[in-house]
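Undergrad: My structure is in coords_27.cif, and what it holds is mmCIF, C-alpha atoms:
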data_final
loop_
_atom_site.label_atom_id
_atom_site.label_comp_id
_atom_site.auth_asym_id
_atom_site.auth_seq_id
_atom_site.Cartn_x
_atom_site.Cartn_y
_atom_site.Cartn_z
CA MET E 1 0.00 0.00 0.00
CA LYS E 2 2.80 2.43 0.84
CA GLU E 3 4.19 2.08 -2.70
CA TRP E 4 0.82 3.15 -4.14
CA LEU E 5 0.71 6.14 -1.79
CA ALA E 6 4.25 7.03 -2.89
CA LEU E 7 3.04 6.92 -6.51
CA VAL E 8 0.29 9.43 -5.69
CA ALA E 9 2.78 11.60 -3.79
CA ARG E 10 5.19 11.45 -6.75
CA LEU E 11 2.51 12.41 -9.26
CA VAL E 12 1.08 15.27 -7.19
CA THR E 13 4.45 16.76 -6.30
CA GLY E 14 5.86 16.21 -9.77
CA GLY E 15 2.80 17.80 -11.36
CA VAL E 16 3.15 20.87 -9.14
CA TRP E 17 6.84 21.22 -10.07
CA VAL E 18 6.17 20.88 -13.81
CA ALA E 19 3.32 23.39 -13.68
CA ALA E 20 5.29 25.90 -11.59
CA GLY E 21 8.37 25.68 -13.79
CA ALA E 22 6.55 25.63 -17.12
CA ILE E 23 4.61 28.79 -16.25
CA LYS E 24 7.89 30.60 -15.54
CA LEU E 25 9.95 29.33 -18.48
CA PRO E 26 8.54 31.71 -21.13
CA ASP E 27 9.49 34.81 -19.08
CA PRO E 28 12.75 34.18 -17.20
CA TYR E 29 13.07 37.84 -16.24
CA GLU E 30 9.86 37.55 -14.23
CA SER E 31 11.45 34.65 -12.35
CA VAL E 32 14.56 36.77 -11.71
CA ARG E 33 12.31 39.57 -10.40
CA ALA E 34 10.58 37.12 -8.06
CA VAL E 35 13.90 35.85 -6.66
CA ARG E 36 15.14 39.43 -6.23
CA ALA E 37 11.97 40.45 -4.34
CA TYR E 38 12.83 38.11 -1.45
CA ASP E 39 15.97 40.16 -0.79
CA LEU E 40 17.78 37.10 0.58
CA LEU E 41 20.55 36.45 -1.94
CA PRO E 42 23.48 38.55 -3.13
CA GLU E 43 22.55 40.39 -6.32
CA SER E 44 25.41 38.65 -8.14
CA VAL E 45 23.60 35.26 -7.92
CA VAL E 46 19.99 36.43 -8.32
CA PRO E 47 19.92 36.28 -12.16
CA THR E 48 21.49 32.81 -12.21
CA ILE E 49 19.05 31.44 -9.62
CA GLY E 50 16.12 33.14 -11.35
CA HIS E 51 17.00 31.60 -14.71
CA LEU E 52 17.87 28.12 -13.43
CA LEU E 53 15.07 27.61 -10.91
CA PRO E 54 12.24 27.08 -13.46
CA VAL E 55 14.40 24.60 -15.39
CA LEU E 56 15.23 22.71 -12.19
CA GLU E 57 11.54 22.66 -11.24
CA VAL E 58 10.56 21.11 -14.59
CA VAL E 59 13.38 18.54 -14.47
CA ILE E 60 12.57 17.50 -10.89
CA GLY E 61 8.87 17.38 -11.76
CA PHE E 62 9.37 15.08 -14.74
CA ALA E 63 11.78 12.88 -12.77
CA LEU E 64 9.11 12.44 -10.09
CA ILE E 65 6.28 11.86 -12.57
CA LEU E 66 8.32 9.27 -14.48
CA GLY E 67 9.74 7.70 -11.34
CA LEU E 68 13.29 8.24 -12.59
CA LEU E 69 16.00 8.58 -9.94
CA THR E 70 13.04 8.99 -7.66
CA ARG E 71 14.68 9.16 -4.26
CA GLY E 72 17.23 11.77 -5.41
CA ALA E 73 14.55 13.85 -7.11
CA ALA E 74 12.40 13.69 -3.98
CA VAL E 75 15.35 14.83 -1.83
CA VAL E 76 15.90 17.84 -4.10
CA SER E 77 12.16 18.49 -4.03
CA ALA E 78 12.06 18.39 -0.23
CA VAL E 79 15.08 20.71 0.07
CA LEU E 80 13.50 23.21 -2.35
CA PHE E 81 10.25 23.21 -0.38
CA VAL E 82 12.17 23.90 2.85
CA LEU E 83 13.96 26.79 1.14
CA PHE E 84 10.66 28.18 -0.14
CA ILE E 85 9.07 27.90 3.32
CA VAL E 86 12.04 29.73 4.84
CA GLY E 87 11.86 32.39 2.11
CA ILE E 88 8.16 33.06 2.59
CA ALA E 89 8.50 33.06 6.39
CA SER E 90 11.42 35.47 6.07
CA VAL E 91 9.56 38.06 4.01
CA TRP E 92 6.56 37.69 6.31
CA ALA E 93 8.73 38.27 9.40
CA ARG E 94 10.40 41.29 7.77
CA GLY E 95 7.06 42.82 6.77
CA ILE E 96 7.77 42.59 3.03
CA GLU E 97 4.67 42.34 0.84
CA ILE E 98 5.48 40.33 -2.30
CA GLU E 99 3.81 37.84 -4.55
CA CYS E 100 5.60 34.56 -3.89
CA GLY E 101 6.41 33.91 -7.55
CA CYS E 102 5.64 30.23 -7.05
CA PHE E 103 3.50 30.01 -10.18
CA GLY E 104 4.78 33.02 -12.09
CA GLY E 105 4.58 36.64 -11.13
CA GLY E 106 6.63 37.93 -8.26
CA GLY E 107 7.64 41.29 -6.94
CA ALA E 108 5.93 43.81 -4.71
CA LYS E 109 2.21 43.36 -4.14
CA ALA E 110 0.14 45.20 -1.55
CA GLY E 111 -1.71 42.88 0.83
CA ALA E 112 0.32 39.84 -0.24
CA SER E 113 1.08 38.82 3.33
CA SER E 114 -2.50 37.59 3.76
CA ALA E 115 -1.59 34.71 1.41
CA TYR E 116 1.61 33.75 3.28
CA PRO E 117 -0.05 31.30 5.72
CA TRP E 118 -1.69 29.44 2.81
CA GLU E 119 1.56 29.41 0.79
CA ILE E 120 3.51 28.05 3.76
CA ALA E 121 0.83 25.42 4.48
CA ARG E 122 0.81 24.35 0.82
CA ASP E 123 4.61 24.02 0.79
CA VAL E 124 4.61 22.12 4.10
CA GLY E 125 2.13 19.66 2.59
CA LEU E 126 4.23 19.27 -0.56
CA PHE E 127 7.35 18.87 1.58
CA ALA E 128 5.58 16.06 3.46
CA LEU E 129 4.74 14.32 0.17
CA SER E 130 8.35 14.65 -0.97
CA ALA E 131 9.61 13.31 2.37
CA TRP E 132 7.25 10.34 2.05
CA VAL E 133 8.72 9.52 -1.36
CA VAL E 134 12.24 9.78 0.07
CA TRP E 135 11.32 7.45 2.93
CA VAL E 136 9.53 4.85 0.79
CA GLY E 137 12.04 5.03 -2.04
CA ARG E 138 10.42 2.71 -4.56
CA SER E 139 6.91 3.21 -5.82
CA ARG E 140 4.58 1.69 -8.36
CA ILE E 141 4.70 2.48 -12.08
CA ALA E 142 8.21 3.96 -12.01
CA LEU E 143 11.06 3.81 -14.52
CA ASP E 144 13.36 3.05 -11.60
CA ASN E 145 11.67 -0.35 -11.35
CA LEU E 146 12.70 -1.16 -14.93
CA LEU E 147 16.15 0.38 -14.87
CA PHE E 148 17.25 -0.69 -11.41
CA ARG E 149 15.71 -4.09 -10.86
CA ARG E 150 16.42 -5.75 -7.55
CA ILE E 151 18.48 -8.89 -7.87
CA PRO E 152 17.15 -11.70 -5.67
CA GLU E 153 19.58 -12.83 -2.99
CA GLY E 154 21.40 -16.09 -3.66
CA THR E 155 21.60 -15.70 -7.44
#
Mind turning this structure into structure tokens?

TA:
Amino acid sequence: MKEWLALVARLVTGGVWVAAGAIKLPDPYESVRAVRAYDLLPESVVPTIGHLLPVLEVVIGFALILGLLTRGAAVVSAVLFVLFIVGIASVWARGIEIECGCFGGGGAKAGASSAYPWEIARDVGLFALSAWVVWVGRSRIALDNLLFRRIPEGT
């Protein structure tokens, strides 16, 4: 049963990553603006992170959906969700009102802090799904099962 639940967790989390990244890919400068709005990173790395993050999101999403290198993809997914939770909590604590940029957009937005609890709760839930996939490791209907078959002991 846990392998079926891991499949659902993989598909949900992977689908969120693909959607989030694909929305941002056509306008990388919007992604850069969203990263900059958090005011957490040195300006010298903001453009690189802003350009690479949507690509990473899509790659991690497809890896999870396909069940390819699943545990590693889920670890990266979990780490990214922790970073996003910390980022949102940080702007909330500093009184900065920005659109999170999670699904496009980003930058200053009046009244945005009212959405922070929901955004943090969503990311905590997605972190939990990623952590479940890390813990379970193998799941149903995954390329890992074809590529990395378990060899029975004694053969």

Undergrad: Decode the PyMOL selection byres ((chain E and resi 49-62) around 7) for the given file into explicit residues and return them as an NGL selection string.

TA: :E and (14-15 or 17-18 or 21-22 or 24-25 or 28 or 31-32 or 35 or 45-48 or 63-66 or 73 or 77)

Undergrad: If we count only C-alpha atoms and set the cut-off at 10 Å, which residues sit around Arg71 in chain E, ignoring sequence neighbours fewer than 3 positions away in its own chain? Please answer as a list in words.

TA: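 Final neighbour list, sorted by chain and number: Ala63, Leu64, Gly67, Leu68, Ala74, Val75, Val76, Ser77, Ser130, Ala131, Trp132, Val133, Val134, Trp135, Val136, Gly137, Arg138, Ser139 and Asp144 of chain E.
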
Undergrad: Those same residues, written as a tab-separated table (two decimals), keeping the file's coordinate frame with C-alpha atoms?

TA:
chain	number	residue	atom	x	y	z
E	63	ALA	CA	11.78	12.88	-12.77
E	64	LEU	CA	9.11	12.44	-10.09
E	67	GLY	CA	9.74	7.70	-11.34
E	68	LEU	CA	13.29	8.24	-12.59
E	74	ALA	CA	12.40	13.69	-3.98
E	75	VAL	CA	15.35	14.83	-1.83
E	76	VAL	CA	15.90	17.84	-4.10
E	77	SER	CA	12.16	18.49	-4.03
E	130	SER	CA	8.35	14.65	-0.97
E	131	ALA	CA	9.61	13.31	2.37
E	132	TRP	CA	7.25	10.34	2.05
E	133	VAL	CA	8.72	9.52	-1.36
E	134	VAL	CA	12.24	9.78	0.07
E	135	TRP	CA	11.32	7.45	2.93
E	136	VAL	CA	9.53	4.85	0.79
E	137	GLY	CA	12.04	5.03	-2.04
E	138	ARG	CA	10.42	2.71	-4.56
E	139	SER	CA	6.91	3.21	-5.82
E	144	ASP	CA	13.36	3.05	-11.60

Undergrad: Please evaluate the PyMOL selection byres ((chain E and resi 109-123) around 9) against the displayed coordinates and give the resulting residues as a PyMOL selection string.

TA: chain E and resi 81-82+84-86+88-89+91-92+95-100+102+106-108+124-128

Undergrad: How far is it from CA of Phe148 in chain E to CA of Val16 in chain E, in Å with one decimal?

TA: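 Pair CA of Phe148 in chain E / CA of Val16 in chain E returns 25.9 Å.
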
Undergrad: So, counting all atoms listed in the file, which residue among E:Ala20, E:Leu40, E:Val8, E:Leu129 is closest to Arg94 in chain E?

TA: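 Among the listed residues, the smallest separation from Arg94 in chain E belongs to E:Leu40.
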
Undergrad: Using all atoms listed in the file, which residue out of E:Val12, E:Asn145, E:Asp39, E:Gly105 lies closest to Gly87 in chain E?

TA: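 Result for the nearest residue to Gly87 in chain E: E:Asp39.
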
Undergrad: Could you state the separation of CA of Thr70 in chain E and CA of Ala142 in chain E in Å, given to one decimal place?

TA: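 Answer for the CA of Thr70 in chain E to CA of Ala142 in chain E separation: 8.2 Å.
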
Undergrad: Please rebuild range 30-41 of chain E with N, CA and C atoms and return the result as a PDB file, in the frame of the given file.

TA:
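part13.pdb was written with the following content:
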ATOM      1  N   GLU E  30      10.851  37.511 -15.302  1.00  0.00           N
ATOM      2  CA  GLU E  30       9.860  37.550 -14.230  1.00  0.00           C
ATOM      3  C   GLU E  30      10.319  36.672 -13.067  1.00  0.00           C
ATOM      4  N   SER E  31      10.914  35.537 -13.387  1.00  0.00           N
ATOM      5  CA  SER E  31      11.450  34.650 -12.350  1.00  0.00           C
ATOM      6  C   SER E  31      12.602  35.325 -11.609  1.00  0.00           C
ATOM      7  N   VAL E  32      13.458  36.026 -12.336  1.00  0.00           N
ATOM      8  CA  VAL E  32      14.560  36.770 -11.710  1.00  0.00           C
ATOM      9  C   VAL E  32      13.992  37.835 -10.780  1.00  0.00           C
ATOM     10  N   ARG E  33      12.951  38.536 -11.231  1.00  0.00           N
ATOM     11  CA  ARG E  33      12.310  39.570 -10.400  1.00  0.00           C
ATOM     12  C   ARG E  33      11.734  38.970  -9.121  1.00  0.00           C
ATOM     13  N   ALA E  34      11.153  37.783  -9.234  1.00  0.00           N
ATOM     14  CA  ALA E  34      10.580  37.120  -8.060  1.00  0.00           C
ATOM     15  C   ALA E  34      11.674  36.749  -7.059  1.00  0.00           C
ATOM     16  N   VAL E  35      12.787  36.206  -7.552  1.00  0.00           N
ATOM     17  CA  VAL E  35      13.900  35.850  -6.660  1.00  0.00           C
ATOM     18  C   VAL E  35      14.451  37.104  -5.986  1.00  0.00           C
ATOM     19  N   ARG E  36      14.600  38.164  -6.754  1.00  0.00           N
ATOM     20  CA  ARG E  36      15.140  39.430  -6.230  1.00  0.00           C
ATOM     21  C   ARG E  36      14.234  40.001  -5.133  1.00  0.00           C
ATOM     22  N   ALA E  37      12.926  39.846  -5.281  1.00  0.00           N
ATOM     23  CA  ALA E  37      11.970  40.450  -4.340  1.00  0.00           C
ATOM     24  C   ALA E  37      12.133  39.901  -2.921  1.00  0.00           C
ATOM     25  N   TYR E  38      12.638  38.684  -2.788  1.00  0.00           N
ATOM     26  CA  TYR E  38      12.830  38.110  -1.450  1.00  0.00           C
ATOM     27  C   TYR E  38      13.964  38.780  -0.693  1.00  0.00           C
ATOM     28  N   ASP E  39      14.857  39.426  -1.396  1.00  0.00           N
ATOM     29  CA  ASP E  39      15.970  40.160  -0.790  1.00  0.00           C
ATOM     30  C   ASP E  39      16.749  39.287   0.193  1.00  0.00           C
ATOM     31  N   LEU E  40      17.049  38.053  -0.255  1.00  0.00           N
ATOM     32  CA  LEU E  40      17.780  37.100   0.580  1.00  0.00           C
ATOM     33  C   LEU E  40      19.160  36.765   0.024  1.00  0.00           C
ATOM     34  N   LEU E  41      19.324  36.884  -1.283  1.00  0.00           N
ATOM     35  CA  LEU E  41      20.550  36.450  -1.940  1.00  0.00           C
ATOM     36  C   LEU E  41      21.361  37.650  -2.422  1.00  0.00           C
TER      37      LEU E  41
END
